[in-house]
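Source file: data-v7.csv (CSV, C-alpha atoms)
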chain,number,residue,atom,x,y,z
J,1409,MET,CA,-97.4,106.1,-4.0
J,1410,GLU,CA,-97.4,104.6,-0.6
J,1411,ALA,CA,-94.5,105.7,1.7
J,1412,GLU,CA,-93.6,102.0,2.3
J,1413,ALA,CA,-93.1,101.4,-1.5
J,1414,ALA,CA,-91.1,104.6,-1.8
J,1415,LYS,CA,-88.8,103.4,1.0
J,1416,PHE,CA,-88.1,100.1,-0.8
J,1417,ILE,CA,-87.4,101.9,-4.1
J,1418,GLY,CA,-85.1,104.4,-2.3
J,1419,ALA,CA,-83.2,101.5,-0.6
J,1420,GLY,CA,-82.8,99.8,-4.0
J,1421,LEU,CA,-81.5,103.0,-5.6
J,1422,ALA,CA,-79.0,103.6,-2.8
J,1423,SER,CA,-77.6,100.1,-3.4
J,1424,ILE,CA,-76.5,101.3,-6.9
J,1425,ALA,CA,-73.5,102.8,-5.1
J,1426,LEU,CA,-72.0,99.3,-5.1
J,1427,VAL,CA,-71.6,99.5,-8.9
J,1428,GLY,CA,-68.8,102.0,-8.2
J,1429,ALA,CA,-67.2,99.7,-5.6
J,1430,GLY,CA,-67.2,96.9,-8.2
J,1431,LEU,CA,-65.6,99.1,-10.9
J,1432,GLY,CA,-63.0,100.4,-8.4
J,1433,ILE,CA,-62.0,97.0,-7.1
J,1434,GLY,CA,-61.8,95.7,-10.7
J,1435,MET,CA,-59.6,98.6,-11.7
J,1436,ILE,CA,-57.3,98.2,-8.7
J,1437,PHE,CA,-56.6,94.5,-9.2
J,1438,GLY,CA,-56.5,94.8,-13.0
J,1439,ASN,CA,-54.0,97.6,-12.9
J,1440,TYR,CA,-51.9,95.9,-10.2
J,1441,LEU,CA,-51.7,92.7,-12.3
J,1442,GLN,CA,-50.8,94.8,-15.4
J,1443,GLY,CA,-48.0,96.5,-13.5
J,1444,ALA,CA,-46.9,93.3,-11.8
J,1445,LEU,CA,-46.6,91.5,-15.1
J,1446,ARG,CA,-44.5,94.3,-16.6
J,1447,ASN,CA,-42.2,94.5,-13.6
J,1448,PRO,CA,-42.6,91.4,-11.3
J,1449,ALA,CA,-39.6,92.5,-9.2
J,1450,ALA,CA,-41.5,95.6,-8.0
J,1451,ALA,CA,-44.8,93.8,-7.4
J,1452,PRO,CA,-44.3,92.6,-3.7
J,1453,GLY,CA,-43.4,96.1,-2.6
J,1454,GLN,CA,-46.8,97.4,-3.7
J,1455,PHE,CA,-48.9,94.6,-2.2
J,1456,ALA,CA,-49.7,96.7,0.9
J,1457,ASN,CA,-50.9,99.5,-1.3
J,1458,LEU,CA,-53.0,97.1,-3.3
J,1459,LEU,CA,-54.8,95.9,-0.2
J,1460,LEU,CA,-55.3,99.5,1.0
J,1461,GLY,CA,-56.7,100.5,-2.3
J,1462,PHE,CA,-59.0,97.5,-2.3
J,1463,ALA,CA,-60.4,98.2,1.1
J,1464,LEU,CA,-60.9,101.9,0.4
J,1465,ALA,CA,-62.7,101.2,-2.9
J,1466,GLU,CA,-64.9,98.6,-1.3
J,1467,ALA,CA,-65.8,100.9,1.6
J,1468,THR,CA,-67.0,103.8,-0.6
J,1469,GLY,CA,-69.6,101.4,-2.1
J,1470,LEU,CA,-70.6,100.1,1.3
J,1471,PHE,CA,-71.4,103.7,2.4
J,1472,GLY,CA,-74.2,103.5,-0.1
J,1473,LEU,CA,-75.3,100.1,1.4
J,1474,VAL,CA,-75.4,101.7,4.8
J,1475,ILE,CA,-77.7,104.4,3.5
J,1476,ALA,CA,-80.0,101.7,2.1
J,1477,LEU,CA,-80.0,100.0,5.5
J,1478,ILE,CA,-80.8,103.3,7.2
J,1479,ILE,CA,-83.7,103.9,4.9
J,1480,LEU,CA,-85.0,100.4,5.5
J,1481,PHE,CA,-84.6,100.1,9.3
J,1482,VAL,CA,-84.4,103.6,10.8
J,1483,PHE,CA,-87.2,105.5,9.0
Z,1343,MET,CA,-80.5,100.0,14.1
Z,1344,ALA,CA,-80.5,96.2,13.8
Z,1345,ALA,CA,-83.1,95.8,16.6
Z,1346,GLN,CA,-86.0,97.1,14.6
Z,1347,THR,CA,-87.9,93.9,14.0
Z,1348,SER,CA,-91.4,93.7,15.5
Z,1349,GLY,CA,-92.0,91.7,18.6
Z,1350,SER,CA,-93.7,88.8,17.0
Z,1351,GLY,CA,-91.2,88.8,14.2
Z,1352,THR,CA,-88.4,88.3,16.6
Z,1353,GLU,CA,-90.1,85.4,18.3
Z,1354,LEU,CA,-90.9,83.7,15.0
Z,1355,ALA,CA,-87.4,84.4,13.7
Z,1356,ALA,CA,-86.1,82.3,16.6
Z,1357,THR,CA,-88.2,79.4,15.5
Z,1358,GLY,CA,-87.3,79.9,11.8
Z,1359,LEU,CA,-90.9,80.0,10.7
Z,1360,ASP,CA,-93.1,82.9,9.6
Z,1361,GLU,CA,-96.8,83.4,10.0
Z,1362,THR,CA,-97.7,81.2,7.0
Z,1363,GLY,CA,-95.5,78.4,8.3
Z,1364,GLY,CA,-92.9,78.9,5.6
Z,1365,LEU,CA,-89.2,79.4,6.2
Z,1366,HIS,CA,-88.2,82.8,7.4
Z,1367,ILE,CA,-84.7,84.0,8.2
Z,1368,ASP,CA,-84.1,87.4,9.5
Z,1369,PRO,CA,-80.5,88.5,8.5
Z,1370,MET,CA,-80.5,91.3,11.0
Z,1371,HIS,CA,-81.4,89.1,14.0
Z,1372,GLN,CA,-77.7,88.3,14.7
Z,1373,PHE,CA,-76.9,92.0,15.4
Z,1374,GLU,CA,-79.4,92.4,18.2
Z,1375,ILE,CA,-78.0,93.5,21.5
Z,1376,HIS,CA,-79.6,92.1,24.7
Z,1377,SER,CA,-78.8,92.7,28.3
Z,1378,LEU,CA,-77.1,89.9,30.3
Z,1379,ALA,CA,-76.9,91.7,33.6
Z,1380,ASN,CA,-78.5,94.9,34.7
Z,1381,ILE,CA,-76.1,97.6,35.9
Z,1382,SER,CA,-77.1,101.2,36.2
Z,1383,LEU,CA,-74.8,104.1,37.2
Z,1384,GLY,CA,-77.3,106.7,38.4
Z,1385,ASP,CA,-79.6,107.4,35.5
Z,1386,LEU,CA,-77.1,105.8,33.1
Z,1387,ASN,CA,-77.8,102.4,31.7
Z,1388,ALA,CA,-74.5,100.4,31.9
Z,1389,ASP,CA,-75.9,96.9,31.3
Z,1390,PHE,CA,-73.5,94.1,30.7
Z,1391,THR,CA,-74.7,93.1,27.2
Z,1392,ASN,CA,-73.8,90.3,24.8
Z,1393,SER,CA,-71.6,92.9,23.0
Z,1394,SER,CA,-69.7,93.6,26.3
Z,1395,LEU,CA,-69.3,89.8,26.8
Z,1396,TRP,CA,-67.7,89.4,23.4
Z,1397,MET,CA,-65.5,92.4,24.0
Z,1398,VAL,CA,-64.2,90.7,27.1
Z,1399,VAL,CA,-63.7,87.5,25.2
Z,1400,THR,CA,-61.8,89.4,22.5
Z,1401,VAL,CA,-59.5,91.0,25.0
Z,1402,ILE,CA,-58.9,87.7,26.7
Z,1403,VAL,CA,-58.1,85.9,23.4
Z,1404,ALA,CA,-55.9,88.7,22.2
Z,1405,SER,CA,-54.0,88.7,25.5
Z,1406,LEU,CA,-53.6,84.9,25.5
Z,1407,ILE,CA,-52.2,85.0,21.9
Z,1408,MET,CA,-49.6,87.6,23.0
Z,1409,LEU,CA,-48.8,86.4,26.6
Z,1410,LEU,CA,-49.3,82.6,26.7
Z,1411,PRO,CA,-46.5,81.3,24.5
Z,1412,ALA,CA,-43.2,80.8,26.5
Z,1413,ALA,CA,-40.5,83.0,25.1
Z,1414,ARG,CA,-38.0,80.5,23.5
Z,1415,LEU,CA,-35.0,81.2,21.2
Z,1416,VAL,CA,-36.6,78.8,18.7
Z,1417,PRO,CA,-40.2,79.8,18.6
Z,1418,GLY,CA,-43.0,77.3,18.6
Z,1419,ARG,CA,-46.3,77.8,16.6
Z,1420,MET,CA,-48.0,80.1,19.1
Z,1421,GLN,CA,-44.9,82.2,19.7
Z,1422,SER,CA,-44.5,82.5,15.9
Z,1423,ILE,CA,-48.0,84.0,15.7
Z,1424,ALA,CA,-47.2,86.5,18.4
Z,1425,GLU,CA,-43.9,87.4,16.7
Z,1426,ILE,CA,-45.4,87.7,13.2
Z,1427,ALA,CA,-48.2,90.0,14.6
Z,1428,TYR,CA,-45.6,92.2,16.4
Z,1429,GLU,CA,-43.3,92.4,13.3
Z,1430,PHE,CA,-46.2,93.1,11.0
Z,1431,VAL,CA,-47.4,96.2,13.0
Z,1432,ALA,CA,-43.9,97.3,13.8
Z,1433,ASN,CA,-42.9,97.3,10.1
Z,1434,MET,CA,-46.1,99.0,9.1
Z,1435,MET,CA,-45.4,101.8,11.6
Z,1436,ARG,CA,-41.7,102.2,10.6
Z,1437,SER,CA,-42.6,102.5,6.9
Z,1438,THR,CA,-45.5,105.0,7.3
Z,1439,ILE,CA,-44.3,107.2,10.3
Z,1440,GLY,CA,-40.6,106.6,10.6
Z,1441,GLU,CA,-38.5,107.5,13.6
Z,1442,GLY,CA,-41.2,109.1,15.7
Z,1443,ALA,CA,-43.4,106.0,15.7
Z,1444,ARG,CA,-42.1,104.2,18.8
Z,1445,PRO,CA,-44.2,105.9,21.5
Z,1446,PHE,CA,-47.4,105.1,19.6
Z,1447,PHE,CA,-46.6,101.4,19.0
Z,1448,PRO,CA,-48.6,100.1,22.0
Z,1449,PHE,CA,-51.7,102.1,21.0
Z,1450,VAL,CA,-51.7,101.0,17.3
Z,1451,PHE,CA,-50.8,97.4,18.2
Z,1452,THR,CA,-53.6,97.1,20.7
Z,1453,LEU,CA,-56.1,98.7,18.3
Z,1454,PHE,CA,-55.0,96.3,15.5
Z,1455,MET,CA,-55.2,93.2,17.7
Z,1456,PHE,CA,-58.5,94.1,19.2
Z,1457,ILE,CA,-60.2,94.7,15.8
Z,1458,LEU,CA,-58.5,91.6,14.2
Z,1459,VAL,CA,-59.6,89.3,17.0
Z,1460,ALA,CA,-63.0,90.8,17.3
Z,1461,ASN,CA,-63.6,90.3,13.5
Z,1462,MET,CA,-62.2,86.8,13.6
Z,1463,LEU,CA,-64.3,85.8,16.6
Z,1464,GLY,CA,-67.3,87.2,14.8
Z,1465,MET,CA,-66.8,84.6,12.1
Z,1466,ILE,CA,-67.7,81.8,14.6
Z,1467,PRO,CA,-71.3,80.8,13.9
Z,1468,TYR,CA,-73.8,82.1,16.5
Z,1469,SER,CA,-71.2,84.4,18.0
Z,1470,PHE,CA,-71.6,88.2,18.1
Z,1471,THR,CA,-69.5,90.6,16.0
Z,1472,VAL,CA,-68.5,93.4,18.2
Z,1473,THR,CA,-67.2,95.6,15.3
Z,1474,SER,CA,-70.6,95.4,13.5
Z,1475,HIS,CA,-71.9,98.2,15.7
Z,1476,LEU,CA,-71.3,101.8,14.8
Z,1477,SER,CA,-71.2,102.8,18.5
Z,1478,VAL,CA,-68.1,100.5,19.0
Z,1479,THR,CA,-66.2,101.5,15.8
Z,1480,LEU,CA,-67.0,105.2,16.3
Z,1481,GLY,CA,-65.6,105.0,19.8
Z,1482,LEU,CA,-62.3,103.5,18.4
Z,1483,ALA,CA,-62.2,106.0,15.6
Z,1484,LEU,CA,-62.8,109.0,17.9
Z,1485,ALA,CA,-59.9,107.7,20.1
Z,1486,VAL,CA,-57.6,107.8,17.1
Z,1487,PHE,CA,-58.9,111.2,15.9
Z,1488,ILE,CA,-58.5,112.8,19.4
Z,1489,LEU,CA,-55.0,111.3,19.9
Z,1490,ALA,CA,-53.8,112.5,16.5
Z,1491,THR,CA,-55.2,116.0,17.1
Z,1492,VAL,CA,-53.7,116.3,20.6
Z,1493,VAL,CA,-50.3,115.0,19.4
Z,1494,GLY,CA,-50.3,117.4,16.5
Z,1495,PHE,CA,-51.0,120.4,18.7
Z,1496,VAL,CA,-48.5,119.3,21.4
Z,1497,LYS,CA,-45.7,118.7,18.8
Z,1498,HIS,CA,-46.2,121.8,16.6
Z,1499,GLY,CA,-48.3,124.2,18.7
Z,1500,PHE,CA,-50.6,126.3,16.5
Z,1501,GLY,CA,-48.3,125.5,13.6
Z,1502,TYR,CA,-50.4,122.3,13.3
Z,1503,LEU,CA,-53.0,124.4,11.6
Z,1504,LYS,CA,-50.7,124.6,8.6
Z,1505,LEU,CA,-52.0,121.1,7.9
Z,1506,PHE,CA,-55.1,122.7,6.5
Z,1507,VAL,CA,-53.2,125.1,4.2
Z,1508,PRO,CA,-51.8,123.1,1.3
Z,1509,SER,CA,-48.5,124.5,-0.1
Z,1510,GLY,CA,-47.8,125.2,-3.8
Z,1511,VAL,CA,-51.3,126.1,-4.9
Z,1512,PRO,CA,-52.4,129.4,-6.5
Z,1513,VAL,CA,-53.6,132.0,-4.0
Z,1514,VAL,CA,-57.0,132.2,-5.6
Z,1515,LEU,CA,-57.7,128.6,-4.8
Z,1516,LEU,CA,-56.3,128.7,-1.3
Z,1517,PRO,CA,-59.5,129.6,0.6
Z,1518,LEU,CA,-61.5,126.9,-1.2
Z,1519,LEU,CA,-58.8,124.2,-0.6
Z,1520,THR,CA,-58.5,125.2,3.0
Z,1521,VAL,CA,-62.2,124.7,3.6
Z,1522,ILE,CA,-62.0,121.3,1.8
Z,1523,GLU,CA,-59.0,120.3,3.9
Z,1524,VAL,CA,-60.9,121.2,7.2
Z,1525,ILE,CA,-63.9,119.2,6.1
Z,1526,SER,CA,-61.9,116.2,5.1
Z,1527,TYR,CA,-60.1,116.4,8.5
Z,1528,PHE,CA,-63.3,116.3,10.5
Z,1529,THR,CA,-64.9,113.5,8.4
Z,1530,ARG,CA,-61.9,111.2,9.2
Z,1531,PRO,CA,-63.5,109.6,12.3
Z,1532,ILE,CA,-66.8,109.1,10.4
Z,1533,SER,CA,-65.2,107.4,7.4
Z,1534,LEU,CA,-62.9,105.4,9.6
Z,1535,SER,CA,-65.7,104.0,11.7
Z,1536,VAL,CA,-68.3,103.6,9.0
Z,1537,ARG,CA,-65.8,101.7,6.8
Z,1538,LEU,CA,-65.2,99.0,9.5
Z,1539,PHE,CA,-68.8,98.9,10.6
Z,1540,ALA,CA,-70.3,98.7,7.1
Z,1541,ASN,CA,-67.9,96.0,6.0
Z,1542,MET,CA,-68.7,93.8,9.0
Z,1543,LEU,CA,-72.5,94.4,8.8
Z,1544,ALA,CA,-72.7,93.8,5.0
Z,1545,GLY,CA,-70.5,90.7,5.2
Z,1546,HIS,CA,-72.4,89.0,8.0
Z,1547,THR,CA,-75.8,90.0,6.4
Z,1548,MET,CA,-74.7,88.5,3.1
Z,1549,LEU,CA,-73.6,85.2,4.8
Z,1550,LYS,CA,-77.0,85.0,6.5
Z,1551,VAL,CA,-78.9,85.6,3.3
Z,1552,PHE,CA,-76.9,83.0,1.4
Z,1553,GLY,CA,-77.4,80.6,4.3
Z,1554,GLY,CA,-81.1,81.1,3.9
Z,1555,PHE,CA,-80.8,80.2,0.2
Z,1556,VAL,CA,-79.1,76.9,1.2
Z,1557,VAL,CA,-81.9,76.0,3.6
Z,1558,GLY,CA,-84.7,77.2,1.4
Z,1559,LEU,CA,-83.6,75.3,-1.7
Z,1560,GLY,CA,-83.1,72.1,0.2
Z,1561,VAL,CA,-81.2,69.0,-0.8
Z,1562,LEU,CA,-82.1,69.3,-4.5
Z,1563,ALA,CA,-80.5,72.6,-5.4
Z,1564,GLY,CA,-79.1,73.8,-2.0
Z,1565,TRP,CA,-75.5,72.7,-2.8
Z,1566,LEU,CA,-75.2,75.5,-5.4
Z,1567,PRO,CA,-75.5,78.4,-2.9
Z,1568,LEU,CA,-73.5,76.2,-0.4
Z,1569,ALA,CA,-70.6,76.2,-2.8
Z,1570,ALA,CA,-70.9,80.0,-3.1
Z,1571,MET,CA,-71.1,80.2,0.7
Z,1572,VAL,CA,-67.7,78.4,1.1
Z,1573,GLY,CA,-66.1,81.0,-1.2
Z,1574,ILE,CA,-67.8,83.9,0.5
Z,1575,THR,CA,-66.8,82.7,4.0
Z,1576,GLY,CA,-63.2,82.7,2.8
Z,1577,LEU,CA,-63.6,86.2,1.4
Z,1578,GLU,CA,-65.1,87.3,4.7
Z,1579,PHE,CA,-62.0,86.0,6.6
Z,1580,LEU,CA,-59.9,88.1,4.1
Z,1581,VAL,CA,-62.1,91.1,4.8
Z,1582,SER,CA,-61.9,90.6,8.5
Z,1583,PHE,CA,-58.1,90.8,8.4
Z,1584,LEU,CA,-58.0,93.5,5.7
Z,1585,GLN,CA,-60.3,95.9,7.7
Z,1586,ALA,CA,-58.2,95.5,10.8
Z,1587,TYR,CA,-55.1,96.2,8.7
Z,1588,VAL,CA,-56.7,99.2,7.0
Z,1589,PHE,CA,-57.9,100.7,10.3
Z,1590,ALA,CA,-54.3,100.4,11.6
Z,1591,VAL,CA,-52.7,101.8,8.5
Z,1592,LEU,CA,-55.1,104.8,8.4
Z,1593,THR,CA,-54.3,105.3,12.1
Z,1594,CYS,CA,-50.6,105.4,11.2
Z,1595,ILE,CA,-51.3,107.9,8.3
Z,1596,TYR,CA,-53.2,110.2,10.6
Z,1597,LEU,CA,-50.5,110.0,13.3
Z,1598,ASN,CA,-47.9,110.6,10.6
Z,1599,ASP,CA,-49.7,113.9,9.7
Z,1600,ALA,CA,-49.6,114.9,13.3
Z,1601,ILE,CA,-45.9,113.9,14.0
Z,1602,ASN,CA,-44.2,114.9,10.7
Z,1603,LEU,CA,-46.0,117.9,9.5
Z,1604,HIS,CA,-45.4,117.9,5.7
Z,1605,HIS,CA,-47.4,120.7,4.3

Conversion result in structure tokens:
Amino acid sequence: MEAEAAKFIGAGLASIALVGAGLGIGMIFGNYLQGALRNPAAAPGQFANLLLGFALAEATGLFGLVIALIILFVF
Amino acid sequence: MAAQTSGSGTELAATGLDETGGLHIDPMHQFEIHSLANISLGDLNADFTNSSLWMVVTVIVASLIMLLPAARLVPGRMQSIAEIAYEFVANMMRSTIGEGARPFFPFVFTLFMFILVANMLGMIPYSFTVTSHLSVTLGLALAVFILATVVGFVKHGFGYLKLFVPSGVPVVLLPLLTVIEVISYFTRPISLSVRLFANMLAGHTMLKVFGGFVVGLGVLAGWLPLAAMVGITGLEFLVSFLQAYVFAVLTCIYLNDAINLHH
């Protein structure tokens, strides 16, 4: 296999990390909505934690994307 | 890492056409740094680049938001923005750090406003996103990391090392957990900087790629990605704010570890 082709395949594989980010974000918002519907009074107090969890979950997936970009543009 | 396009590719990307005359859009072109004025300190290259220019613009805009509105008892629109920003960061610091937060408010507030305004200015078409470069975000993250470490050692002396030894765990697990705690402590600046940089880089690349779809599909089907673009642009504004917020919150959490040693 050519090195160039292997590079593209590797970058594609690294992007699979975003599956985890999607799962994480879905779980966070889903569970927040579930909790908010059960106890709407407590929901606004947890909004900051919701945003924090969203950003942290999204970032872990983006680390994979960074690896894909490094494979494509650095090597 | 963004400036890896070949010489001819860069020139052609500027015209929007590739070798075969078809449409060609380089999503990485927007992250290229070029020098505006040559400055060298000895052997050191200290050029004034487009990144530096947008940093200056960021500082000016952030200062104007905070300083320009005249202080009135009944605030106008601009003064409300300044007050909301102040209250937002002050409340965040009170809830995460508590009493010892006051001396660090100027630092966290400056950090928050710089990142927020830099991200928002980056959303202007054809502008430059300062925070989409790892060198910038790593500089900010290292400032946070060094400040937290110095504050921890000044406040607690060598007792700060207790941060690495979790309490209430079996003695057998203690060496392993200590090693993990030390590693997690030293990866803090990396995760802090890469999170911001990767979010901005990925978001702006995505906008550019979808923009290419709109142009490529033309009048006939271009409105479909255009509708998606409107939504994604909104999402990017949310991400711009959220990343500034997360950076500030994590700064507070790290400072909290240093000020109120809980372990």

List the neighbours of stretch 1474-1480 of chain J out to 8 Å using only C-alpha atoms; skip same-chain residues closer than 6 positions along the sequence, and give me the result as a PDB file with C-alpha atoms, in the frame of the given file.
ATOM      1  CA  LYS J1415     -88.800 103.400   1.000  1.00  0.00           C
ATOM      2  CA  PHE J1416     -88.100 100.100  -0.800  1.00  0.00           C
ATOM      3  CA  GLY J1418     -85.100 104.400  -2.300  1.00  0.00           C
ATOM      4  CA  ALA J1419     -83.200 101.500  -0.600  1.00  0.00           C
ATOM      5  CA  GLY J1420     -82.800  99.800  -4.000  1.00  0.00           C
ATOM      6  CA  LEU J1421     -81.500 103.000  -5.600  1.00  0.00           C
ATOM      7  CA  ALA J1422     -79.000 103.600  -2.800  1.00  0.00           C
ATOM      8  CA  SER J1423     -77.600 100.100  -3.400  1.00  0.00           C
TER       9      SER J1423
ATOM     10  CA  MET Z1343     -80.500 100.000  14.100  1.00  0.00           C
ATOM     11  CA  ALA Z1540     -70.300  98.700   7.100  1.00  0.00           C
TER      12      ALA Z1540
END

(request) Enter the distance from atom CA of Z:His1498 to atom CA of Z:Thr1438, in Å, rounded to one decimal. (result)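 We find that atom CA of Z:His1498 and atom CA of Z:Thr1438 lie 19.2 Å from each other.
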
(request) Identify every residue of chain J that has at least one atom within 8 Å of any atom of chain Z, counting only C-alpha atoms, and report the result as a list in words. (result)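 Taking only C-alpha atoms into account, Leu1459, Leu1460, Ala1463, Ala1467, Thr1468, Leu1470, Phe1471, Leu1473, Val1474, Ile1478, Phe1481 and Val1482 of chain J sit within 8 Å of chain Z.
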
(request) For atom CA of Z:Ala1490 and atom CA of Z:His1604, determine how far apart the two atoms are, in Å to one decimal place. (result) 14.7 Å

(request) For Z:Phe1451, list every protein, DNA or RNA residue within 9 Å, evaluated using only C-alpha atoms, and leave out those in the same chain fewer than 5 positions away; present the list as a VMD selection string. (result) chain Z and resid 1427 to 1428 1431 to 1432 1446 1456 1590

(request) Pick out the closest residue to Z:Tyr1527 from this set: Z:Val1551, Z:Ile1457, Z:Ala1600, Z:Leu1577. Count all atoms listed in the file. (result)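 Smallest distance to Z:Tyr1527 is found for Z:Ala1600.
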
(request) Determine the nearest neighbour of Z:Phe1579 from the options Z:Leu1386, Z:Ile1532, Z:Leu1562, Z:Met1465, counting only C-alpha atoms. (result) Z:Met1465

Can you tell me, as an mmCIF file with C-alpha atoms, keeping the file's coordinate frame, which residues sit within 9 Å of (-71.2, 88.6, 9.6) in the file's frame, using only C-alpha atoms?
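Output below, filename out17.cif:
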data_model
loop_
_atom_site.group_PDB
_atom_site.id
_atom_site.type_symbol
_atom_site.label_atom_id
_atom_site.label_comp_id
_atom_site.auth_asym_id
_atom_site.auth_seq_id
_atom_site.Cartn_x
_atom_site.Cartn_y
_atom_site.Cartn_z
ATOM 1 C CA GLN Z 1372 -77.700 88.300 14.700
ATOM 2 C CA PHE Z 1373 -76.900 92.000 15.400
ATOM 3 C CA ASN Z 1461 -63.600 90.300 13.500
ATOM 4 C CA GLY Z 1464 -67.300 87.200 14.800
ATOM 5 C CA MET Z 1465 -66.800 84.600 12.100
ATOM 6 C CA PRO Z 1467 -71.300 80.800 13.900
ATOM 7 C CA PHE Z 1470 -71.600 88.200 18.100
ATOM 8 C CA THR Z 1471 -69.500 90.600 16.000
ATOM 9 C CA SER Z 1474 -70.600 95.400 13.500
ATOM 10 C CA ASN Z 1541 -67.900 96.000 6.000
ATOM 11 C CA MET Z 1542 -68.700 93.800 9.000
ATOM 12 C CA LEU Z 1543 -72.500 94.400 8.800
ATOM 13 C CA ALA Z 1544 -72.700 93.800 5.000
ATOM 14 C CA GLY Z 1545 -70.500 90.700 5.200
ATOM 15 C CA HIS Z 1546 -72.400 89.000 8.000
ATOM 16 C CA THR Z 1547 -75.800 90.000 6.400
ATOM 17 C CA MET Z 1548 -74.700 88.500 3.100
ATOM 18 C CA LEU Z 1549 -73.600 85.200 4.800
ATOM 19 C CA LYS Z 1550 -77.000 85.000 6.500
ATOM 20 C CA GLU Z 1578 -65.100 87.300 4.700
#

(message) So that I can see what lies close to J:Gly1428, please list as a ChimeraX atom specification the residues with an atom at most 10 Å from it, counting only C-alpha atoms and leaving out residues fewer than 4 positions away in the same chain.
(response) /J:1424,1432-1434,1465-1466,1468-1470,1472

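Computed from the coordinates, the atom CA of Z:Gly1418 to atom CA of Z:Val1401 distance equals 22.4 Å.
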
(request) With all atoms listed in the file counted, which protein, DNA or RNA residues have an atom no more than 12 Å from (-39.7, 108.7, 14.4) in the file frame? Please answer as a VMD selection string. (result) chain Z and resid 1435 to 1447 1594 1597 to 1598 1600 to 1602

(request) Have a look at J:Leu1458, J:Val1427, J:Ala1414, J:Pro1452 and name the one nearest to J:Tyr1440; count only C-alpha atoms. (result)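 Result for the nearest residue to J:Tyr1440: J:Leu1458.
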
(message) Measuring between all atoms listed in the file, which one of Z:Gly1384, Z:Gly1553, Z:Gly1558, Z:Thr1593 shows the shortest distance to Z:Val1572?
(response)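 Between Z:Gly1384, Z:Gly1553, Z:Gly1558, Z:Thr1593, the residue approaching Z:Val1572 most closely is Z:Gly1553.
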
(request) Pick out the closest residue to Z:Val1450 from this set: Z:Phe1430, Z:Phe1583, Z:Phe1500, Z:Tyr1468. Count all atoms listed in the file. (result)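 Looking only at the distances to Z:Val1450, the closest residue turns out to be Z:Phe1430.
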
Z:Phe1506 environment, 12 Å, all atoms listed in the file, sequence neighbours closer than 3 positions dropped, as a PDB file with C-alpha atoms, in the frame of the given file:
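Saved to part-v4.pdb:
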ATOM      1  CA  PHE Z1500     -50.600 126.300  16.500  1.00  0.00           C
ATOM      2  CA  GLY Z1501     -48.300 125.500  13.600  1.00  0.00           C
ATOM      3  CA  TYR Z1502     -50.400 122.300  13.300  1.00  0.00           C
ATOM      4  CA  LEU Z1503     -53.000 124.400  11.600  1.00  0.00           C
ATOM      5  CA  SER Z1509     -48.500 124.500  -0.100  1.00  0.00           C
ATOM      6  CA  LEU Z1516     -56.300 128.700  -1.300  1.00  0.00           C
ATOM      7  CA  PRO Z1517     -59.500 129.600   0.600  1.00  0.00           C
ATOM      8  CA  LEU Z1518     -61.500 126.900  -1.200  1.00  0.00           C
ATOM      9  CA  LEU Z1519     -58.800 124.200  -0.600  1.00  0.00           C
ATOM     10  CA  THR Z1520     -58.500 125.200   3.000  1.00  0.00           C
ATOM     11  CA  VAL Z1521     -62.200 124.700   3.600  1.00  0.00           C
ATOM     12  CA  ILE Z1522     -62.000 121.300   1.800  1.00  0.00           C
ATOM     13  CA  GLU Z1523     -59.000 120.300   3.900  1.00  0.00           C
ATOM     14  CA  VAL Z1524     -60.900 121.200   7.200  1.00  0.00           C
ATOM     15  CA  ILE Z1525     -63.900 119.200   6.100  1.00  0.00           C
ATOM     16  CA  SER Z1526     -61.900 116.200   5.100  1.00  0.00           C
ATOM     17  CA  TYR Z1527     -60.100 116.400   8.500  1.00  0.00           C
ATOM     18  CA  PHE Z1528     -63.300 116.300  10.500  1.00  0.00           C
ATOM     19  CA  ASP Z1599     -49.700 113.900   9.700  1.00  0.00           C
ATOM     20  CA  ALA Z1600     -49.600 114.900  13.300  1.00  0.00           C
ATOM     21  CA  LEU Z1603     -46.000 117.900   9.500  1.00  0.00           C
ATOM     22  CA  HIS Z1604     -45.400 117.900   5.700  1.00  0.00           C
ATOM     23  CA  HIS Z1605     -47.400 120.700   4.300  1.00  0.00           C
TER      24      HIS Z1605
END
